[in-house]
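Content type CSV, C-alpha atoms and all ligand atoms, from the file coords09.csv:
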```
chain,number,residue,atom,x,y,z
E,416,MET,CA,35.4,-34.1,59.5
E,417,ASN,CA,36.2,-30.5,58.3
E,418,ASN,CA,39.7,-30.8,56.9
E,419,GLU,CA,38.3,-30.7,53.4
E,420,ASN,CA,37.9,-26.9,53.6
E,421,VAL,CA,41.4,-26.1,52.4
E,422,PHE,CA,41.0,-28.7,49.6
E,423,GLU,CA,37.7,-27.1,48.7
E,424,GLU,CA,39.3,-23.7,48.4
E,425,SER,CA,42.6,-24.7,46.7
E,426,ALA,CA,41.8,-27.8,44.7
E,427,GLU,CA,43.6,-26.6,41.5
E,428,GLU,CA,46.7,-25.5,43.5
E,429,TYR,CA,46.8,-28.9,45.2
E,430,ASP,CA,46.4,-30.7,41.8
E,431,ARG,CA,49.1,-28.7,40.2
E,432,TRP,CA,51.6,-29.9,42.8
E,433,TYR,CA,51.7,-33.2,41.0
E,434,GLU,CA,52.7,-31.6,37.7
E,435,ASP,CA,55.5,-29.6,39.5
E,436,HIS,CA,56.7,-32.8,41.2
E,437,LEU,CA,56.3,-35.4,38.4
E,438,PHE,CA,59.1,-37.7,39.6
E,439,LEU,CA,57.7,-37.9,43.1
E,440,TYR,CA,54.2,-38.5,41.8
E,441,ARG,CA,55.4,-41.3,39.4
E,442,ALA,CA,57.4,-43.0,42.1
E,443,GLU,CA,54.4,-43.0,44.5
E,444,LEU,CA,52.3,-44.4,41.7
E,445,ALA,CA,54.8,-47.2,41.1
E,446,ALA,CA,54.8,-48.1,44.8
E,447,LEU,CA,51.0,-48.2,44.9
E,448,LYS,CA,50.8,-50.4,41.8
E,449,ASN,CA,52.6,-53.2,43.7
E,450,ALA,CA,49.8,-53.3,46.3
E,451,ILE,CA,46.7,-52.9,44.1
E,452,PRO,CA,44.9,-56.1,43.1
E,453,SER,CA,44.3,-56.2,39.4
E,454,GLY,CA,40.9,-56.5,37.8
E,455,ARG,CA,39.1,-56.0,41.1
E,456,ALA,CA,36.4,-53.5,42.2
E,457,GLY,CA,38.0,-50.7,44.3
E,458,LEU,CA,37.1,-47.5,46.0
E,459,GLU,CA,39.5,-44.6,46.8
E,460,VAL,CA,38.6,-42.8,50.0
E,461,GLY,CA,39.5,-39.1,49.9
E,462,VAL,CA,40.1,-39.4,46.2
E,463,GLY,CA,40.8,-35.7,45.8
E,464,SER,CA,41.4,-34.7,42.2
E,465,GLY,CA,41.7,-38.3,41.1
E,466,ARG,CA,45.3,-38.3,40.1
E,467,PHE,CA,46.0,-41.7,41.6
E,468,ALA,CA,42.6,-43.3,41.0
E,469,ALA,CA,42.7,-42.5,37.3
E,470,MET,CA,46.1,-44.1,36.9
E,471,LEU,CA,45.4,-47.2,39.1
E,472,ASN,CA,42.1,-48.3,37.5
E,473,VAL,CA,40.0,-47.2,40.5
E,474,TYR,CA,36.8,-46.0,39.0
E,475,CYS,CA,34.9,-44.9,42.2
E,476,GLY,CA,35.9,-42.4,44.9
E,477,ILE,CA,34.6,-40.8,48.0
E,478,GLU,CA,35.4,-37.1,48.4
E,479,PRO,CA,33.8,-34.4,50.6
E,480,ALA,CA,35.3,-31.3,48.8
E,481,GLU,CA,33.2,-30.4,45.7
E,482,SER,CA,36.0,-28.6,43.8
E,483,MET,CA,38.3,-31.7,44.2
E,484,ALA,CA,35.4,-34.0,43.2
E,485,ARG,CA,34.9,-32.0,40.0
E,486,LEU,CA,38.5,-32.5,39.0
E,487,ALA,CA,38.3,-36.2,39.7
E,488,GLN,CA,35.1,-36.5,37.7
E,489,ALA,CA,36.8,-34.8,34.7
E,490,ARG,CA,39.3,-37.7,35.0
E,491,GLY,CA,36.5,-40.2,34.6
E,492,ILE,CA,36.1,-41.2,38.3
E,493,GLU,CA,32.6,-41.7,39.6
E,494,ILE,CA,32.4,-39.6,42.8
E,495,ILE,CA,30.2,-40.0,45.8
E,496,ARG,CA,30.3,-37.1,48.2
E,497,GLY,CA,30.8,-38.4,51.7
E,498,TYR,CA,33.2,-39.1,54.5
E,499,ALA,CA,35.6,-41.9,55.3
E,500,GLU,CA,34.0,-42.2,58.8
E,501,LYS,CA,30.6,-43.0,57.4
E,502,LEU,CA,30.8,-44.7,54.0
E,503,PRO,CA,27.6,-44.8,52.1
E,504,PHE,CA,27.9,-48.5,51.0
E,505,SER,CA,26.5,-51.8,52.1
E,506,PRO,CA,28.7,-54.4,53.9
E,507,GLY,CA,30.9,-56.4,51.6
E,508,THR,CA,30.8,-54.2,48.5
E,509,PHE,CA,34.5,-53.8,47.5
E,510,ASP,CA,37.5,-56.0,46.8
E,511,PHE,CA,39.8,-53.2,47.9
E,512,LEU,CA,39.9,-49.8,49.4
E,513,LEU,CA,42.6,-47.2,48.7
E,514,PHE,CA,43.7,-44.2,50.9
E,515,VAL,CA,46.4,-42.0,49.5
E,516,THR,CA,47.8,-39.2,51.7
E,517,THR,CA,44.3,-39.0,53.3
E,518,VAL,CA,44.6,-40.7,56.6
E,519,CYS,CA,46.6,-37.8,58.1
E,520,PHE,CA,43.6,-35.5,57.5
E,521,LEU,CA,41.1,-37.7,59.3
E,522,ALA,CA,40.1,-36.8,62.8
E,523,GLU,CA,39.2,-40.4,63.6
E,524,PRO,CA,41.3,-42.8,61.4
E,525,LEU,CA,40.2,-45.8,63.5
E,526,ILE,CA,36.6,-45.2,62.7
E,527,ALA,CA,37.5,-44.8,59.0
E,528,PHE,CA,39.4,-48.1,59.1
E,529,ARG,CA,36.5,-49.9,60.8
E,530,GLU,CA,34.2,-48.5,58.0
E,531,ALA,CA,36.7,-49.7,55.4
E,532,HIS,CA,36.6,-53.2,57.0
E,533,ARG,CA,32.8,-53.2,56.9
E,534,VAL,CA,32.4,-52.3,53.2
E,535,LEU,CA,35.1,-54.8,52.1
E,536,LYS,CA,34.4,-58.3,51.0
E,537,GLU,CA,35.8,-61.2,52.9
E,538,LYS,CA,39.6,-61.2,52.5
E,539,GLY,CA,39.3,-57.8,50.8
E,540,LYS,CA,42.4,-55.5,51.0
E,541,ILE,CA,43.0,-52.1,52.4
E,542,ILE,CA,45.9,-50.1,50.8
E,543,ILE,CA,47.3,-47.0,52.5
E,544,GLY,CA,49.8,-44.7,50.9
E,545,PHE,CA,51.3,-42.2,53.3
E,546,ILE,CA,54.2,-40.0,54.2
E,547,ASP,CA,55.9,-41.7,57.1
E,548,GLN,CA,56.1,-39.3,60.0
E,549,ASN,CA,59.6,-40.5,60.8
E,550,SER,CA,61.0,-40.1,57.3
E,551,GLU,CA,63.0,-37.2,55.7
E,552,MET,CA,59.9,-35.7,54.1
E,553,GLY,CA,57.8,-36.4,57.1
E,554,LYS,CA,60.1,-34.5,59.4
E,555,SER,CA,60.4,-31.6,56.9
E,556,TYR,CA,56.6,-31.3,56.5
E,557,GLN,CA,56.2,-31.2,60.3
E,558,LYS,CA,58.9,-28.5,60.6
E,559,LYS,CA,57.3,-26.4,57.9
E,560,ARG,CA,53.7,-27.2,58.7
E,561,GLU,CA,52.7,-23.7,59.7
E,562,SER,CA,53.7,-22.3,56.3
E,563,ASN,CA,52.0,-25.1,54.3
E,564,LYS,CA,48.3,-24.6,54.1
E,565,PHE,CA,47.6,-28.2,53.2
E,566,TYR,CA,49.7,-29.8,55.9
E,567,LYS,CA,48.9,-27.3,58.6
E,568,ASN,CA,46.0,-29.5,59.8
E,569,ALA,CA,47.6,-32.8,59.1
E,570,HIS,CA,48.6,-35.4,61.7
E,571,LEU,CA,51.3,-37.5,60.1
E,572,LEU,CA,51.5,-41.1,61.4
E,573,GLY,CA,54.5,-43.4,61.6
E,574,VAL,CA,54.3,-47.0,60.4
E,575,ASP,CA,53.8,-48.5,63.8
E,576,GLU,CA,50.9,-46.1,64.6
E,577,MET,CA,49.3,-46.9,61.2
E,578,THR,CA,49.6,-50.7,61.5
E,579,GLY,CA,48.4,-50.5,65.2
E,580,LEU,CA,45.2,-48.8,64.0
E,581,LEU,CA,44.8,-51.2,61.1
E,582,ASP,CA,45.2,-54.1,63.5
E,583,ARG,CA,42.6,-52.7,65.9
E,584,ALA,CA,40.2,-52.5,62.9
E,585,ARG,CA,40.9,-56.2,62.2
E,586,PHE,CA,43.3,-56.0,59.3
E,587,ARG,CA,46.2,-58.5,59.2
E,588,ASP,CA,49.0,-59.9,57.0
E,589,PHE,CA,50.7,-56.6,56.3
E,590,LYS,CA,52.9,-56.0,53.3
E,591,PHE,CA,55.0,-52.9,52.9
E,592,PHE,CA,56.5,-51.0,49.9
E,593,GLN,CA,58.5,-47.8,50.1
E,594,THR,CA,59.8,-45.1,47.8
E,595,LEU,CA,61.2,-41.5,47.9
E,596,ILE,CA,64.3,-42.9,49.6
E,597,ASN,CA,66.0,-40.0,47.9
E,598,PRO,CA,63.2,-37.5,47.2
E,599,SER,CA,65.5,-34.9,45.6
E,600,ILE,CA,66.6,-37.0,42.6
E,601,THR,CA,65.3,-36.3,39.2
E,602,ARG,CA,64.4,-39.8,38.0
E,603,ILE,CA,61.6,-42.2,39.1
E,604,GLU,CA,62.7,-44.4,41.9
E,605,ILE,CA,62.0,-48.1,41.7
E,606,PRO,CA,59.9,-49.0,44.8
E,607,GLN,CA,61.5,-51.4,47.4
E,608,LYS,CA,59.8,-53.8,49.8
E,609,GLY,CA,59.6,-52.9,53.5
E,610,TYR,CA,59.8,-49.5,55.2
E,611,GLY,CA,62.2,-47.4,57.2
E,612,LYS,CA,64.1,-45.8,54.3
E,613,GLY,CA,61.5,-44.2,52.1
E,614,SER,CA,59.4,-41.1,52.8
E,615,PHE,CA,56.4,-42.6,51.1
E,616,VAL,CA,55.2,-46.0,52.4
E,617,VAL,CA,52.5,-48.2,51.1
E,618,VAL,CA,50.9,-50.7,53.5
E,619,GLN,CA,48.5,-53.4,52.4
E,620,GLY,CA,46.4,-55.3,54.9
E,621,VAL,CA,43.9,-58.1,54.5
E,622,LYS,CA,40.4,-58.1,56.1
E,623,LYS,CA,40.1,-60.8,58.8
K,701,LIG,C1,45.9,-34.7,50.6
K,701,LIG,S1,44.4,-34.9,49.8
K,701,LIG,C2,44.7,-36.5,48.9
K,701,LIG,C3,43.9,-36.6,47.7
K,701,LIG,C4,44.2,-37.8,46.8
K,701,LIG,N1,44.1,-39.0,47.5
K,701,LIG,C5,45.7,-37.6,46.4
K,701,LIG,O1,46.5,-38.3,46.9
K,701,LIG,O2,45.9,-36.8,45.5
K,701,LIG,C6,43.3,-35.4,51.1
K,701,LIG,C7,41.9,-35.6,50.6
K,701,LIG,O3,41.1,-36.1,51.7
K,701,LIG,C8,39.8,-35.4,51.7
K,701,LIG,N2,39.2,-35.5,53.0
K,701,LIG,C9,39.4,-34.7,54.1
K,701,LIG,N3,38.7,-35.2,55.1
K,701,LIG,C10,38.0,-36.3,54.7
K,701,LIG,C11,37.1,-37.3,55.3
K,701,LIG,N4,36.7,-37.1,56.6
K,701,LIG,N5,36.7,-38.3,54.5
K,701,LIG,C12,37.1,-38.4,53.2
K,701,LIG,N6,37.9,-37.6,52.6
K,701,LIG,C13,38.4,-36.6,53.3
K,701,LIG,C14,40.2,-34.0,51.3
K,701,LIG,O4,39.0,-33.3,50.8
K,701,LIG,C15,41.2,-34.2,50.2
K,701,LIG,O5,40.7,-34.3,48.9
```

Using structure tokens, write down the structure that the file contains.
Amino acid sequence: MNNENVFEESAEEYDRWYEDHLFLYRAELAALKNAIPSGRAGLEVGVGSGRFAAMLNVYCGIEPAESMARLAQARGIEIIRGYAEKLPFSPGTFDFLLFVTTVCFLAEPLIAFREAHRVLKEKGKIIIGFIDQNSEMGKSYQKKRESNKFYKNAHLLGVDEMTGLLDRARFRDFKFFQTLINPSITRIEIPQKGYGKGSFVVVQGVKK
């Protein structure tokens, strides 16, 4: 559970990435918006500096790194310090749970998904946004991982591995959206359904 250290030490640098890559950020937001149920009570796990939660009407986040949590609080997110693998909530609390580029930093993603299942209401949704290991950006991150302090400790997953874990945690009825099909362009991409072309994939699963 100790991958938060680099985020603790370099929260502002992490947060600035979004300003330096506005088109990528907005494209990711657009893809996530397709999968987020509107007007429902949600929690972002590993909410970081709150860039996504604040724009997606997710008002509550779990975050272990204090310096990240402070940035998210400044964006109006209620933060509970904690870990994905042991969520401090009663069963059946939320309509949806969101994970954005967080799963690759978890030592035990299956435990985190089982926890997500536990705290979701019946038919609640899990929404995962992630860089596909097999995509252009996924391959580039893995090639340069030693020189990237944030991704050095990341274990990127492919779509099959991600859905395999979600299935084991009893999520079903998967829907997919993708973006960053061309990550170098300087306009916001319109997200597409499916996966296999975009570097950023959103998968939504339903609690069964
Ligand atoms: C790449 S950042 C993503 C932050 C935010 N979701 C975003 O997309 O901007 C990963 C976040 O996961 C947090 N994290 C690391 N290990 C965690 C764990 N075991 N449980 C919950 N969050 C964790 C880190 O502190 C960090 O804020």

Close residues to ligand LIG 701 (chain K) using only C-alpha atoms and all ligand atoms, limit 9 Å, as a ChimeraX atom specification:
/E:416-423,426,429-430,433,459-468,477-484,496-502,513-524,527,544-545,565-566,569

Which is closest to E:Tyr556 among E:Pro503, E:Pro452, E:Val574, E:Ser614, if we use all atoms listed in the file?
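Nearest to E:Tyr556: E:Ser614.
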
What does the distance from atom CA of E:Ile600 to atom CA of E:Lys554 come to in Å, to one decimal?
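So the answer is 18.2 Å.
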
Using all atoms listed in the file, give me every residue within 7 Å of (40.7, -63.2, 54.6) in file coordinates, as a PyMOL selection string.
chain E and resi 537-539+621-623

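The shortest atom-to-atom distance to E:Asp510, with all atoms listed in the file taken into account, belongs to E:Lys540 out of E:Arg441, E:Lys540, E:Lys567, E:His532.
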
Name the closest residue to E:Arg485 among the candidates E:Leu595, E:Glu427, E:Thr601, E:Glu576; distances are taken between atoms, counting all atoms listed in the file.
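Ranked by minimum distance to E:Arg485, first place goes to E:Glu427.
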
d(atom CA of E:Ala456, atom CA of E:Phe509) in Å
5.6 Å

For E:Gln548, which residue out of E:Pro598, E:Gly611, E:Pro606, E:Gly457 is the nearest one, using only C-alpha atoms?
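Looking only at the distances to E:Gln548, the closest residue turns out to be E:Gly611.
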
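Proximity to E:Ile542 was assessed for E:Asn472, E:Gln593, E:Gln619, E:Gln557 counting all atoms listed in the file; the smallest distance is recorded for E:Gln619.
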
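Pairwise distance (atom CA of E:Glu428, atom CA of E:Glu561) equals 17.4 Å.
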
Which of these residues is nearest to E:Asp547, using all atoms listed in the file: E:Asp435, E:Ser562, E:Tyr610, E:Arg490?
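Residue with the minimum atom-to-atom distance to E:Asp547: E:Tyr610.
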